[in-house]
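Novice: What follows is the file run.pdb, containing PDB, C-alpha atoms and all ligand atoms:
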```pdb
ATOM      1  CA  MET A   1      81.594  94.158 125.071  1.00  0.00           C
ATOM      2  CA  THR A   2      79.282  97.212 124.765  1.00  0.00           C
ATOM      3  CA  ASN A   3      77.180  97.633 121.608  1.00  0.00           C
ATOM      4  CA  MET A   4      79.420 100.512 120.546  1.00  0.00           C
ATOM      5  CA  ASN A   5      82.532  98.391 120.941  1.00  0.00           C
ATOM      6  CA  ILE A   6      80.938  95.610 118.884  1.00  0.00           C
ATOM      7  CA  LEU A   7      80.462  98.125 116.028  1.00  0.00           C
ATOM      8  CA  LYS A   8      84.091  99.278 116.343  1.00  0.00           C
ATOM      9  CA  ASP A   9      85.266  95.676 116.416  1.00  0.00           C
ATOM     10  CA  ASN A  10      83.263  94.870 113.250  1.00  0.00           C
ATOM     11  CA  VAL A  11      84.659  97.768 111.191  1.00  0.00           C
ATOM     12  CA  GLY A  12      88.181  97.166 112.483  1.00  0.00           C
ATOM     13  CA  ARG A  13      88.011  93.558 111.351  1.00  0.00           C
ATOM     14  CA  MET A  14      86.566  94.485 107.947  1.00  0.00           C
ATOM     15  CA  ALA A  15      89.385  96.989 107.344  1.00  0.00           C
ATOM     16  CA  ALA A  16      92.036  94.484 108.422  1.00  0.00           C
ATOM     17  CA  ASP A  17      90.658  92.033 105.833  1.00  0.00           C
ATOM     18  CA  LEU A  18      91.254  94.628 103.077  1.00  0.00           C
ATOM     19  CA  ILE A  19      95.030  94.727 103.652  1.00  0.00           C
ATOM     20  CA  GLU A  20      97.142  92.807 101.128  1.00  0.00           C
ATOM     21  CA  ASP A  21     100.434  90.997 101.563  1.00  0.00           C
ATOM     22  CA  GLY A  22     103.446  93.252 100.970  1.00  0.00           C
ATOM     23  CA  GLN A  23     101.687  96.512 101.778  1.00  0.00           C
ATOM     24  CA  ILE A  24     102.975  99.401 103.866  1.00  0.00           C
ATOM     25  CA  VAL A  25     100.076 100.346 106.155  1.00  0.00           C
ATOM     26  CA  GLY A  26      99.341 103.624 107.963  1.00  0.00           C
ATOM     27  CA  LEU A  27      98.094 102.803 111.467  1.00  0.00           C
ATOM     28  CA  GLY A  28      95.574 105.352 112.764  1.00  0.00           C
ATOM     29  CA  THR A  29      94.945 106.330 116.373  1.00  0.00           C
ATOM     30  CA  GLY A  30      91.952 105.813 118.670  1.00  0.00           C
ATOM     31  CA  SER A  31      89.692 103.135 120.090  1.00  0.00           C
ATOM     32  CA  THR A  32      88.342 102.023 116.691  1.00  0.00           C
ATOM     33  CA  THR A  33      91.738 101.637 115.028  1.00  0.00           C
ATOM     34  CA  HIS A  34      92.830  99.689 118.117  1.00  0.00           C
ATOM     35  CA  TYR A  35      90.619  96.846 116.830  1.00  0.00           C
ATOM     36  CA  PHE A  36      91.988  97.247 113.294  1.00  0.00           C
ATOM     37  CA  ILE A  37      95.611  96.993 114.496  1.00  0.00           C
ATOM     38  CA  LYS A  38      94.800  93.979 116.659  1.00  0.00           C
ATOM     39  CA  TYR A  39      93.141  92.102 113.764  1.00  0.00           C
ATOM     40  CA  LEU A  40      95.902  93.073 111.344  1.00  0.00           C
ATOM     41  CA  GLY A  41      98.441  91.622 113.791  1.00  0.00           C
ATOM     42  CA  GLU A  42      96.430  88.380 113.936  1.00  0.00           C
ATOM     43  CA  ARG A  43      96.348  88.155 110.133  1.00  0.00           C
ATOM     44  CA  ILE A  44     100.090  88.800 109.856  1.00  0.00           C
ATOM     45  CA  LYS A  45     100.746  85.969 112.300  1.00  0.00           C
ATOM     46  CA  ASN A  46      98.212  83.445 110.970  1.00  0.00           C
ATOM     47  CA  GLU A  47      98.850  84.060 107.260  1.00  0.00           C
ATOM     48  CA  GLU A  48     102.582  84.853 107.555  1.00  0.00           C
ATOM     49  CA  LEU A  49     102.115  88.177 105.775  1.00  0.00           C
ATOM     50  CA  ASN A  50     104.946  90.571 105.015  1.00  0.00           C
ATOM     51  CA  ILE A  51     103.487  93.903 106.158  1.00  0.00           C
ATOM     52  CA  LEU A  52     105.026  96.993 107.763  1.00  0.00           C
ATOM     53  CA  GLY A  53     103.028  99.554 109.736  1.00  0.00           C
ATOM     54  CA  ILE A  54     103.609 103.280 110.028  1.00  0.00           C
ATOM     55  CA  PRO A  55     102.061 104.504 113.323  1.00  0.00           C
ATOM     56  CA  THR A  56     100.368 107.891 113.729  1.00  0.00           C
ATOM     57  CA  SER A  57     101.002 108.234 117.487  1.00  0.00           C
ATOM     58  CA  TYR A  58     102.746 106.681 120.469  1.00  0.00           C
ATOM     59  CA  GLN A  59      99.407 104.953 121.109  1.00  0.00           C
ATOM     60  CA  SER A  60      99.354 103.182 117.740  1.00  0.00           C
ATOM     61  CA  LEU A  61     103.089 102.401 117.970  1.00  0.00           C
ATOM     62  CA  ILE A  62     102.584 100.645 121.306  1.00  0.00           C
ATOM     63  CA  ILE A  63      99.481  98.744 120.119  1.00  0.00           C
ATOM     64  CA  ALA A  64     101.298  97.701 116.923  1.00  0.00           C
ATOM     65  CA  ARG A  65     104.197  96.317 118.945  1.00  0.00           C
ATOM     66  CA  GLU A  66     101.782  94.402 121.191  1.00  0.00           C
ATOM     67  CA  ALA A  67     100.070  93.009 118.083  1.00  0.00           C
ATOM     68  CA  GLY A  68     103.382  91.881 116.604  1.00  0.00           C
ATOM     69  CA  ILE A  69     103.374  94.335 113.672  1.00  0.00           C
ATOM     70  CA  ASN A  70     106.797  95.537 112.569  1.00  0.00           C
ATOM     71  CA  THR A  71     106.892  99.301 112.128  1.00  0.00           C
ATOM     72  CA  THR A  72     108.810 101.736 109.957  1.00  0.00           C
ATOM     73  CA  THR A  73     108.667 105.464 109.149  1.00  0.00           C
ATOM     74  CA  LEU A  74     107.629 107.778 106.347  1.00  0.00           C
ATOM     75  CA  ASP A  75     111.321 108.548 105.846  1.00  0.00           C
ATOM     76  CA  GLU A  76     111.832 104.953 104.704  1.00  0.00           C
ATOM     77  CA  TYR A  77     108.661 104.082 102.764  1.00  0.00           C
ATOM     78  CA  ASP A  78     105.597 105.431 100.967  1.00  0.00           C
ATOM     79  CA  ILE A  79     102.255 104.220 102.340  1.00  0.00           C
ATOM     80  CA  ASP A  80      99.985 101.965 100.280  1.00  0.00           C
ATOM     81  CA  ILE A  81      96.940 102.161 102.518  1.00  0.00           C
ATOM     82  CA  ALA A  82      96.092 104.019 105.736  1.00  0.00           C
ATOM     83  CA  VAL A  83      93.244 103.093 108.080  1.00  0.00           C
ATOM     84  CA  ASP A  84      92.115 105.624 110.666  1.00  0.00           C
ATOM     85  CA  GLY A  85      89.134 106.597 112.806  1.00  0.00           C
ATOM     86  CA  ALA A  86      87.276 109.921 112.888  1.00  0.00           C
ATOM     87  CA  ASP A  87      85.250 112.044 115.291  1.00  0.00           C
ATOM     88  CA  GLU A  88      82.752 113.327 112.712  1.00  0.00           C
ATOM     89  CA  VAL A  89      82.084 112.476 109.045  1.00  0.00           C
ATOM     90  CA  ASN A  90      79.821 114.391 106.641  1.00  0.00           C
ATOM     91  CA  HIS A  91      78.071 113.254 103.448  1.00  0.00           C
ATOM     92  CA  ASN A  92      81.082 114.373 101.326  1.00  0.00           C
ATOM     93  CA  LEU A  93      83.423 112.215 103.437  1.00  0.00           C
ATOM     94  CA  ASP A  94      85.059 115.290 104.978  1.00  0.00           C
ATOM     95  CA  LEU A  95      86.198 114.556 108.524  1.00  0.00           C
ATOM     96  CA  ILE A  96      86.920 116.096 111.878  1.00  0.00           C
ATOM     97  CA  LYS A  97      89.717 114.216 113.623  1.00  0.00           C
ATOM     98  CA  GLY A  98      92.014 114.839 116.577  1.00  0.00           C
ATOM     99  CA  GLY A  99      89.897 113.632 119.486  1.00  0.00           C
ATOM    100  CA  GLY A 100      93.064 111.813 120.529  1.00  0.00           C
ATOM    101  CA  ALA A 101      95.269 114.838 119.774  1.00  0.00           C
ATOM    102  CA  ALA A 102      97.099 112.889 117.069  1.00  0.00           C
ATOM    103  CA  HIS A 103      95.742 114.666 113.973  1.00  0.00           C
ATOM    104  CA  THR A 104      99.017 116.288 112.872  1.00  0.00           C
ATOM    105  CA  LEU A 105     100.797 113.015 112.217  1.00  0.00           C
ATOM    106  CA  GLU A 106      97.514 111.384 111.185  1.00  0.00           C
ATOM    107  CA  LYS A 107      97.052 113.988 108.446  1.00  0.00           C
ATOM    108  CA  LEU A 108     100.594 113.466 107.197  1.00  0.00           C
ATOM    109  CA  VAL A 109     100.188 109.678 107.104  1.00  0.00           C
ATOM    110  CA  ASP A 110      96.582 109.593 105.817  1.00  0.00           C
ATOM    111  CA  SER A 111      97.137 112.209 103.093  1.00  0.00           C
ATOM    112  CA  SER A 112     100.286 110.557 101.787  1.00  0.00           C
ATOM    113  CA  ALA A 113      98.691 107.099 101.502  1.00  0.00           C
ATOM    114  CA  LYS A 114      97.646 105.833  98.066  1.00  0.00           C
ATOM    115  CA  GLN A 115      94.359 104.813  99.681  1.00  0.00           C
ATOM    116  CA  PHE A 116      92.835 106.221 102.881  1.00  0.00           C
ATOM    117  CA  ILE A 117      90.092 104.259 104.606  1.00  0.00           C
ATOM    118  CA  VAL A 118      88.106 105.600 107.563  1.00  0.00           C
ATOM    119  CA  ILE A 119      86.436 103.307 110.100  1.00  0.00           C
ATOM    120  CA  VAL A 120      83.694 104.661 112.368  1.00  0.00           C
ATOM    121  CA  ASP A 121      80.590 103.631 114.260  1.00  0.00           C
ATOM    122  CA  GLN A 122      77.268 105.159 113.226  1.00  0.00           C
ATOM    123  CA  SER A 123      77.391 107.870 115.935  1.00  0.00           C
ATOM    124  CA  LYS A 124      80.108 109.708 113.965  1.00  0.00           C
ATOM    125  CA  MET A 125      77.974 110.404 110.869  1.00  0.00           C
ATOM    126  CA  SER A 126      76.389 113.851 110.474  1.00  0.00           C
ATOM    127  CA  ASP A 127      74.892 115.875 107.637  1.00  0.00           C
ATOM    128  CA  GLU A 128      77.269 118.783 108.190  1.00  0.00           C
ATOM    129  CA  LEU A 129      80.435 119.080 110.256  1.00  0.00           C
ATOM    130  CA  GLY A 130      80.444 121.241 113.380  1.00  0.00           C
ATOM    131  CA  SER A 131      79.065 119.196 116.272  1.00  0.00           C
ATOM    132  CA  PHE A 132      82.576 118.159 117.262  1.00  0.00           C
ATOM    133  CA  PRO A 133      84.929 121.042 118.191  1.00  0.00           C
ATOM    134  CA  VAL A 134      87.866 121.294 115.762  1.00  0.00           C
ATOM    135  CA  PRO A 135      91.113 120.257 117.511  1.00  0.00           C
ATOM    136  CA  ILE A 136      93.892 122.703 116.627  1.00  0.00           C
ATOM    137  CA  GLU A 137      97.492 121.914 117.556  1.00  0.00           C
ATOM    138  CA  ILE A 138      99.429 125.064 118.451  1.00  0.00           C
ATOM    139  CA  ILE A 139     102.905 125.749 119.754  1.00  0.00           C
ATOM    140  CA  PRO A 140     102.638 126.706 123.463  1.00  0.00           C
ATOM    141  CA  ASP A 141     104.018 130.240 122.909  1.00  0.00           C
ATOM    142  CA  ALA A 142     101.086 131.004 120.587  1.00  0.00           C
ATOM    143  CA  LEU A 143      98.291 130.273 123.095  1.00  0.00           C
ATOM    144  CA  ARG A 144      96.980 133.793 123.813  1.00  0.00           C
ATOM    145  CA  ILE A 145      97.399 135.150 120.295  1.00  0.00           C
ATOM    146  CA  VAL A 146      95.858 132.163 118.488  1.00  0.00           C
ATOM    147  CA  LYS A 147      92.910 132.067 120.921  1.00  0.00           C
ATOM    148  CA  LYS A 148      92.220 135.735 120.134  1.00  0.00           C
ATOM    149  CA  THR A 149      92.338 135.085 116.383  1.00  0.00           C
ATOM    150  CA  LEU A 150      90.024 132.072 116.666  1.00  0.00           C
ATOM    151  CA  ILE A 151      87.461 134.109 118.633  1.00  0.00           C
ATOM    152  CA  GLU A 152      87.628 136.827 115.940  1.00  0.00           C
ATOM    153  CA  MET A 153      86.893 134.077 113.384  1.00  0.00           C
ATOM    154  CA  GLY A 154      83.730 133.102 115.310  1.00  0.00           C
ATOM    155  CA  GLY A 155      85.189 130.103 117.130  1.00  0.00           C
ATOM    156  CA  LYS A 156      85.039 129.186 120.809  1.00  0.00           C
ATOM    157  CA  PRO A 157      88.495 127.836 121.645  1.00  0.00           C
ATOM    158  CA  GLU A 158      89.170 125.845 124.809  1.00  0.00           C
ATOM    159  CA  LEU A 159      92.569 124.625 125.892  1.00  0.00           C
ATOM    160  CA  ARG A 160      92.380 120.840 126.222  1.00  0.00           C
ATOM    161  CA  MET A 161      93.237 119.816 129.770  1.00  0.00           C
ATOM    162  CA  GLY A 162      94.920 116.590 130.851  1.00  0.00           C
ATOM    163  CA  MET A 163      93.312 113.773 132.815  1.00  0.00           C
ATOM    164  CA  LYS A 164      95.435 112.273 135.562  1.00  0.00           C
ATOM    165  CA  LYS A 165      97.869 115.081 134.687  1.00  0.00           C
ATOM    166  CA  ASP A 166      97.613 118.656 135.953  1.00  0.00           C
ATOM    167  CA  GLY A 167      97.597 121.354 133.294  1.00  0.00           C
ATOM    168  CA  PRO A 168      97.086 121.090 129.533  1.00  0.00           C
ATOM    169  CA  VAL A 169      97.339 118.026 127.315  1.00  0.00           C
ATOM    170  CA  ILE A 170     100.783 117.922 125.732  1.00  0.00           C
ATOM    171  CA  THR A 171     100.695 116.302 122.286  1.00  0.00           C
ATOM    172  CA  ASP A 172     103.164 113.697 121.001  1.00  0.00           C
ATOM    173  CA  ASN A 173     104.916 116.691 119.380  1.00  0.00           C
ATOM    174  CA  GLY A 174     105.160 118.690 122.649  1.00  0.00           C
ATOM    175  CA  ASN A 175     102.371 121.165 121.819  1.00  0.00           C
ATOM    176  CA  PHE A 176      98.942 122.312 123.087  1.00  0.00           C
ATOM    177  CA  ILE A 177      95.462 121.610 121.668  1.00  0.00           C
ATOM    178  CA  LEU A 178      92.747 124.257 121.329  1.00  0.00           C
ATOM    179  CA  ASP A 179      89.391 122.490 120.874  1.00  0.00           C
ATOM    180  CA  THR A 180      87.456 125.090 118.922  1.00  0.00           C
ATOM    181  CA  LYS A 181      83.707 124.941 118.468  1.00  0.00           C
ATOM    182  CA  PHE A 182      82.370 126.582 115.318  1.00  0.00           C
ATOM    183  CA  ASP A 183      78.771 126.745 114.194  1.00  0.00           C
ATOM    184  CA  ILE A 184      77.864 124.467 111.290  1.00  0.00           C
ATOM    185  CA  ILE A 185      80.920 124.273 109.031  1.00  0.00           C
ATOM    186  CA  LYS A 186      79.491 125.028 105.592  1.00  0.00           C
ATOM    187  CA  ASN A 187      82.837 124.921 103.778  1.00  0.00           C
ATOM    188  CA  PRO A 188      85.240 122.498 105.517  1.00  0.00           C
ATOM    189  CA  HIS A 189      88.019 122.981 102.950  1.00  0.00           C
ATOM    190  CA  GLN A 190      87.988 126.759 103.371  1.00  0.00           C
ATOM    191  CA  LEU A 191      88.062 126.607 107.189  1.00  0.00           C
ATOM    192  CA  GLU A 192      90.789 123.938 107.127  1.00  0.00           C
ATOM    193  CA  THR A 193      92.949 126.160 104.930  1.00  0.00           C
ATOM    194  CA  GLU A 194      92.262 129.365 106.895  1.00  0.00           C
ATOM    195  CA  LEU A 195      93.098 127.774 110.256  1.00  0.00           C
ATOM    196  CA  ASN A 196      96.450 126.549 108.985  1.00  0.00           C
ATOM    197  CA  THR A 197      97.474 130.055 107.892  1.00  0.00           C
ATOM    198  CA  ILE A 198      97.338 131.387 111.511  1.00  0.00           C
ATOM    199  CA  PRO A 199     100.908 131.826 112.779  1.00  0.00           C
ATOM    200  CA  GLY A 200     101.572 129.405 115.654  1.00  0.00           C
ATOM    201  CA  VAL A 201      99.109 126.769 114.358  1.00  0.00           C
ATOM    202  CA  LEU A 202     100.762 123.496 113.457  1.00  0.00           C
ATOM    203  CA  GLU A 203      97.735 121.596 112.104  1.00  0.00           C
ATOM    204  CA  ASN A 204      93.972 121.409 112.534  1.00  0.00           C
ATOM    205  CA  GLY A 205      91.660 118.407 112.631  1.00  0.00           C
ATOM    206  CA  ILE A 206      89.581 119.086 109.508  1.00  0.00           C
ATOM    207  CA  PHE A 207      90.431 116.484 106.841  1.00  0.00           C
ATOM    208  CA  SER A 208      88.601 117.666 103.716  1.00  0.00           C
ATOM    209  CA  GLY A 209      88.664 115.632 100.526  1.00  0.00           C
ATOM    210  CA  LEU A 210      91.116 113.013 101.829  1.00  0.00           C
ATOM    211  CA  ALA A 211      89.057 109.900 102.612  1.00  0.00           C
ATOM    212  CA  ASP A 212      88.594 107.391  99.774  1.00  0.00           C
ATOM    213  CA  LYS A 213      86.254 105.099 101.666  1.00  0.00           C
ATOM    214  CA  VAL A 214      84.320 105.255 104.929  1.00  0.00           C
ATOM    215  CA  ILE A 215      83.261 102.016 106.627  1.00  0.00           C
ATOM    216  CA  VAL A 216      80.364 102.679 109.017  1.00  0.00           C
ATOM    217  CA  GLY A 217      79.407 100.164 111.702  1.00  0.00           C
ATOM    218  CA  LYS A 218      75.633 100.095 112.275  1.00  0.00           C
ATOM    219  CA  MET A 219      73.552  97.920 114.584  1.00  0.00           C
ATOM    220  CA  SER A 220      72.112  95.839 111.724  1.00  0.00           C
ATOM    221  CA  HIS A 221      74.878  95.936 109.104  1.00  0.00           C
ATOM    222  CA  ILE A 222      78.011  97.685 107.847  1.00  0.00           C
ATOM    223  CA  ASP A 223      77.791 100.503 105.272  1.00  0.00           C
ATOM    224  CA  VAL A 224      80.674 101.115 102.884  1.00  0.00           C
ATOM    225  CA  ILE A 225      80.664 104.601 101.329  1.00  0.00           C
ATOM    226  CA  ASN A 226      83.143 105.238  98.514  1.00  0.00           C
ATOM    227  CA  ARG A 227      84.293 108.664  97.372  1.00  0.00           C
ATOM    228  CA  GLU A 228      82.691 109.465  94.044  1.00  0.00           C
ATOM    229  CA  ASP A 229      85.386 110.343  91.522  1.00  0.00           C
TER     230      ASP A 229
HETATM  231  C1  LIG A 301      92.799 110.664 117.153  1.00  0.00           C
HETATM  232  C2  LIG A 301      91.689 110.600 116.189  1.00  0.00           C
HETATM  233  C3  LIG A 301      90.780 109.406 116.283  1.00  0.00           C
HETATM  234  O1  LIG A 301      90.853 108.708 115.087  1.00  0.00           O
HETATM  235  C4  LIG A 301      89.383 109.871 116.539  1.00  0.00           C
HETATM  236  O2  LIG A 301      89.405 110.637 117.741  1.00  0.00           O
HETATM  237  C5  LIG A 301      88.414 108.708 116.683  1.00  0.00           C
HETATM  238  O3  LIG A 301      88.708 107.986 117.829  1.00  0.00           O
HETATM  239  P1  LIG A 301      87.796 106.775 118.333  1.00  0.00           P
HETATM  240  O4  LIG A 301      87.911 105.676 117.335  1.00  0.00           O
HETATM  241  O5  LIG A 301      88.380 106.427 119.695  1.00  0.00           O
HETATM  242  O6  LIG A 301      86.388 107.313 118.454  1.00  0.00           O
HETATM  243  O7  LIG A 301      91.488 111.422 115.345  1.00  0.00           O
HETATM  244  O8  LIG A 301      93.480 111.895 117.058  1.00  0.00           O
END
```
I'd like the structure from this file rewritten - as C-alpha cells, please.
Ligand code: 5RP

Specialist:
Amino acid sequence: MTNMNILKDNVGRMAADLIEDGQIVGLGTGSTTHYFIKYLGERIKNEELNILGIPTSYQSLIIAREAGINTTTLDEYDIDIAVDGADEVNHNLDLIKGGGAAHTLEKLVDSSAKQFIVIVDQSKMSDELGSFPVPIEIIPDALRIVKKTLIEMGGKPELRMGMKKDGPVITDNGNFILDTKFDIIKNPHQLETELNTIPGVLENGIFSGLADKVIVGKMSHIDVINRED
C-alpha cells in the first residue's frame, strides 16, 4: 500500500469505529470512503450490527453491496451520520467536493445527516479554498451559456472529459461537469450560493458550513478537528 493509501485506510477505519448499532449511515464517494465502507461492512458482519447505508453514487452503492451493507434511500429514512471524503478543506471546515462528480447527491445526503464527518489525508488541507477547481454539475443544454456566465464571474470553466470514454463525463444524473478554477475563494458561502442561482446549474461542489468533524490522516498521527459551535 502507498503511504497515501495508508493514511486513507487509517481515517476510514477510525470513521467506521464511530458508527453505532441501529444507525442509518450516509455512504460518501471516493477512494477514502472506499476504506470506510469496507471497514463498516466488516464491523456489521463481525459484530452483527443492524445498520443501513444510503449511498451517494453508483460507486458507493456497488462498494456497499460488496461489503455486505444493506442499503436504503432518503425517501425511506433520515440519516443519522454521513461519512464522506473531500478534495479541499479550509480552516473553517468548508469543503470543495465533486472530484468524483458525485457532489449533487453527496450534498443532499451530507447536509441532511444529523452528523456529517469528513475523512481526508493531509494533502487536502489548505488555508483557503481555491486550489481545487470547483466542480459544477450542469444540464447538457446549458453548456455554452453557463460557461459564459462563469467566465464573467472570473472563473475558468473546463468541461470534464471522460477516460476510457470519448466525450464528456456524464454524471450519475445524466449531466455534465464544468470544473471551474477561481482564484482564492475568500467567501465560500457566497460563491456557493451565487453559483447555484445560475440557470442550468444543478449543484456545485462547495460545501460551506456543513461538516461537523474532519478527520485528517497524517504521517505521524490522526488529527480530529471539530466544528466550533
Ligand atoms: C466525489 C468526492 C470525493 O469525496 C472527493 O473527490 C475525494 O475523493 P478521494 O477520497 O478519492 O480523494 O467529492 O464526488

Novice: Give me the residues of chain A that have any atom at most 9 Å from an atom of ligand LIG 301 (chain A); for each, the nearest atom pair and the distance in Å, rounded to one decimal. Use all atoms listed in the file, sort by chain and number, and format it as a tab-separated table.

Specialist:
```
residue	atom	partner	partner_atom	distance
A:Lys8	CA	A:LIG301	O4	7.5
A:Gly28	CA	A:LIG301	O1	6.2
A:Thr29	CA	A:LIG301	C1	4.9
A:Gly30	CA	A:LIG301	O5	3.8
A:Ser31	CA	A:LIG301	O5	3.6
A:Thr32	CA	A:LIG301	O4	3.7
A:Thr33	CA	A:LIG301	O4	6.0
A:His34	CA	A:LIG301	O4	7.8
A:Thr56	CA	A:LIG301	O8	8.6
A:Ser57	CA	A:LIG301	O8	8.4
A:Asp84	CA	A:LIG301	O1	5.5
A:Gly85	CA	A:LIG301	O1	3.6
A:Ala86	CA	A:LIG301	C5	4.1
A:Asp87	CA	A:LIG301	C5	4.8
A:Glu88	CA	A:LIG301	C5	8.3
A:Ile96	CA	A:LIG301	O7	7.4
A:Lys97	CA	A:LIG301	O7	3.7
A:Gly98	CA	A:LIG301	O8	3.3
A:Gly99	CA	A:LIG301	O2	3.5
A:Gly100	CA	A:LIG301	O8	3.5
A:Ala101	CA	A:LIG301	O8	4.4
A:Ala102	CA	A:LIG301	O8	3.8
A:His103	CA	A:LIG301	O8	4.7
A:Thr104	CA	A:LIG301	O8	8.2
A:Leu105	CA	A:LIG301	O8	8.8
A:Glu106	CA	A:LIG301	O8	7.1
A:Val118	CA	A:LIG301	O1	8.6
A:Ile119	CA	A:LIG301	O4	7.8
A:Val120	CA	A:LIG301	O4	6.6
A:Asp121	CA	A:LIG301	O6	8.0
A:Lys124	CA	A:LIG301	O6	8.1
A:Pro135	CA	A:LIG301	O8	8.7
A:Gly205	CA	A:LIG301	O7	7.5
```

Novice: Where does the PyMOL selection byres (((chain A and resi 224) around 7) and not hetatm) land in this file, that is, which residues does it pick, as a VMD selection string?

Specialist: chain A and resid 213 to 216 222 to 223 225 to 226

Novice: So, with all atoms listed in the file as the atoms that count, which of A:Gly200, A:Phe116, A:Glu194, A:Ala211 lies closest to A:Lys147?

Specialist: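 Closest to A:Lys147 of all the choices is A:Gly200.
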
Novice: Name the closest residue to A:Asn175 among the candidates A:Arg43, A:Arg160, A:Lys38, A:His91; distances are taken between atoms, counting all atoms listed in the file.

Specialist: A:Arg160

Novice: Need to verify the contact set: A:Phe182, 8 Å, all atoms listed in the file, exclusion of same-chain residues closer than 5 positions in sequence. Can you return it as a list in words?

Specialist: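 Counting only the stated atoms, we get Gly130, Pro133, Val134, Gly154, Gly155 and Lys156 of chain A.
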
Novice: I need the residues from that last selection saved to file as a CSV table (one decimal), keeping the file's coordinate frame (with C-alpha atoms), if you can.

Specialist:
```csv
chain,number,residue,atom,x,y,z
A,130,GLY,CA,80.4,121.2,113.4
A,133,PRO,CA,84.9,121.0,118.2
A,134,VAL,CA,87.9,121.3,115.8
A,154,GLY,CA,83.7,133.1,115.3
A,155,GLY,CA,85.2,130.1,117.1
A,156,LYS,CA,85.0,129.2,120.8
```

Novice: Could you check the closest approach to A:Lys218 for each of A:Leu178, A:Leu18, A:Ser123, A:Pro55 and tell me which residue wins, using only C-alpha atoms?

Specialist: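 That would be A:Ser123, the residue with the smallest distance to A:Lys218.
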
Novice: Give the answer as one residue: which of A:Leu61, A:Ile24, A:Ile6, A:Ile185 has the shortest atom-to-atom distance to A:Val89, using all atoms listed in the file?

Specialist: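 For A:Val89, the nearest of the given residues is A:Ile185.
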
Novice: Counting only C-alpha atoms, note down every residue that has an atom within 8 Å of the point (95.1, 122.6, 112.5) (file coordinates), as a list in words.

Specialist: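 Protein and nucleic acid residues near the point are Thr104, Pro135, Ile136, Glu137, Ile138, Glu192, Leu195, Asn196, Val201, Leu202, Glu203, Asn204, Gly205 and Ile206 of chain A.
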
Novice: How far is it from atom CA of A:Tyr58 to atom CA of A:Thr171, in Å with one decimal?

Specialist: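 Taking atom CA of A:Tyr58 and atom CA of A:Thr171, their separation equals 10.0 Å.
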
Novice: Suppose you want the space between atom CA of A:Val25 and atom CA of A:Leu52; what is it in Å?

Specialist: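 Interatomic distance here is 6.2 Å.
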
Novice: Do you have the atom CA of A:Gln23-atom CA of A:Tyr77 distance handy?

Specialist: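 Separation of atom CA of A:Gln23 and atom CA of A:Tyr77: 10.3 Å.
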
Novice: Could you write out as a ChimeraX atom specification the residues that the PyMOL selection byres (((chain A and resi 64) around 9) and not hetatm) matches in the shown file?

Specialist: /A:27,34,37-38,41,53,55,59-63,65-71

Novice: Report the centre and edge lengths, in Å to one decimal, of an axis-aligned box enclosing every atom of stretch 203-211 of chain A listed in the file, padded by 6 Å on each side, as AutoDock Vina command-line options.

Specialist:
```
--center_x 93.2 --center_y 115.7 --center_z 106.6 --size_x 21.1 --size_y 23.7 --size_z 24.1
```

Novice: Given the PyMOL selection byres (((chain A and resi 13) around 8) and not hetatm) and the file above, list the residues it selects as a list in words.

Specialist: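 Taken over the shown coordinates, the PyMOL selection byres (((chain A and resi 13) around 8) and not hetatm) returns Asp9, Asn10, Val11, Gly12, Met14, Ala15, Ala16, Asp17, Tyr35, Phe36, Tyr39 and Leu40 of chain A.
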
Novice: Looking at A:Asp172, A:Asp78, A:Asp94, A:Glu152, which one is nearest to A:Met125, with distances taken over only C-alpha atoms?

Specialist: A:Asp94

Novice: Can you pull out the residues contacting A:Leu49? Cut-off 8 Å, using only C-alpha atoms, and skip same-chain residues under 3 positions away; I want them as an mmCIF file with C-alpha atoms, in the frame of the given file.

Specialist:
```cif
data_model
loop_
_atom_site.group_PDB
_atom_site.id
_atom_site.type_symbol
_atom_site.label_atom_id
_atom_site.label_comp_id
_atom_site.auth_asym_id
_atom_site.auth_seq_id
_atom_site.Cartn_x
_atom_site.Cartn_y
_atom_site.Cartn_z
ATOM 1 C CA ASP A 21 100.434 90.997 101.563
ATOM 2 C CA GLY A 22 103.446 93.252 100.970
ATOM 3 C CA ARG A 43 96.348 88.155 110.133
ATOM 4 C CA ILE A 44 100.090 88.800 109.856
ATOM 5 C CA LYS A 45 100.746 85.969 112.300
#
```

Novice: I'd like the neighbourhood of stretch 189-191 of chain A as a list in words, where a residue qualifies if any of its atoms comes within 8 Å (using only C-alpha atoms), though same-chain residues fewer than 5 positions away should be ignored.

Specialist: Ile206, Phe207, Ser208 and Gly209 of chain A

Novice: For the selection you just gave me, I'd like the residues written to a file as a CSV table (one decimal), in the frame of the given file, keeping C-alpha atoms.

Specialist:
```csv
chain,number,residue,atom,x,y,z
A,206,ILE,CA,89.6,119.1,109.5
A,207,PHE,CA,90.4,116.5,106.8
A,208,SER,CA,88.6,117.7,103.7
A,209,GLY,CA,88.7,115.6,100.5
```
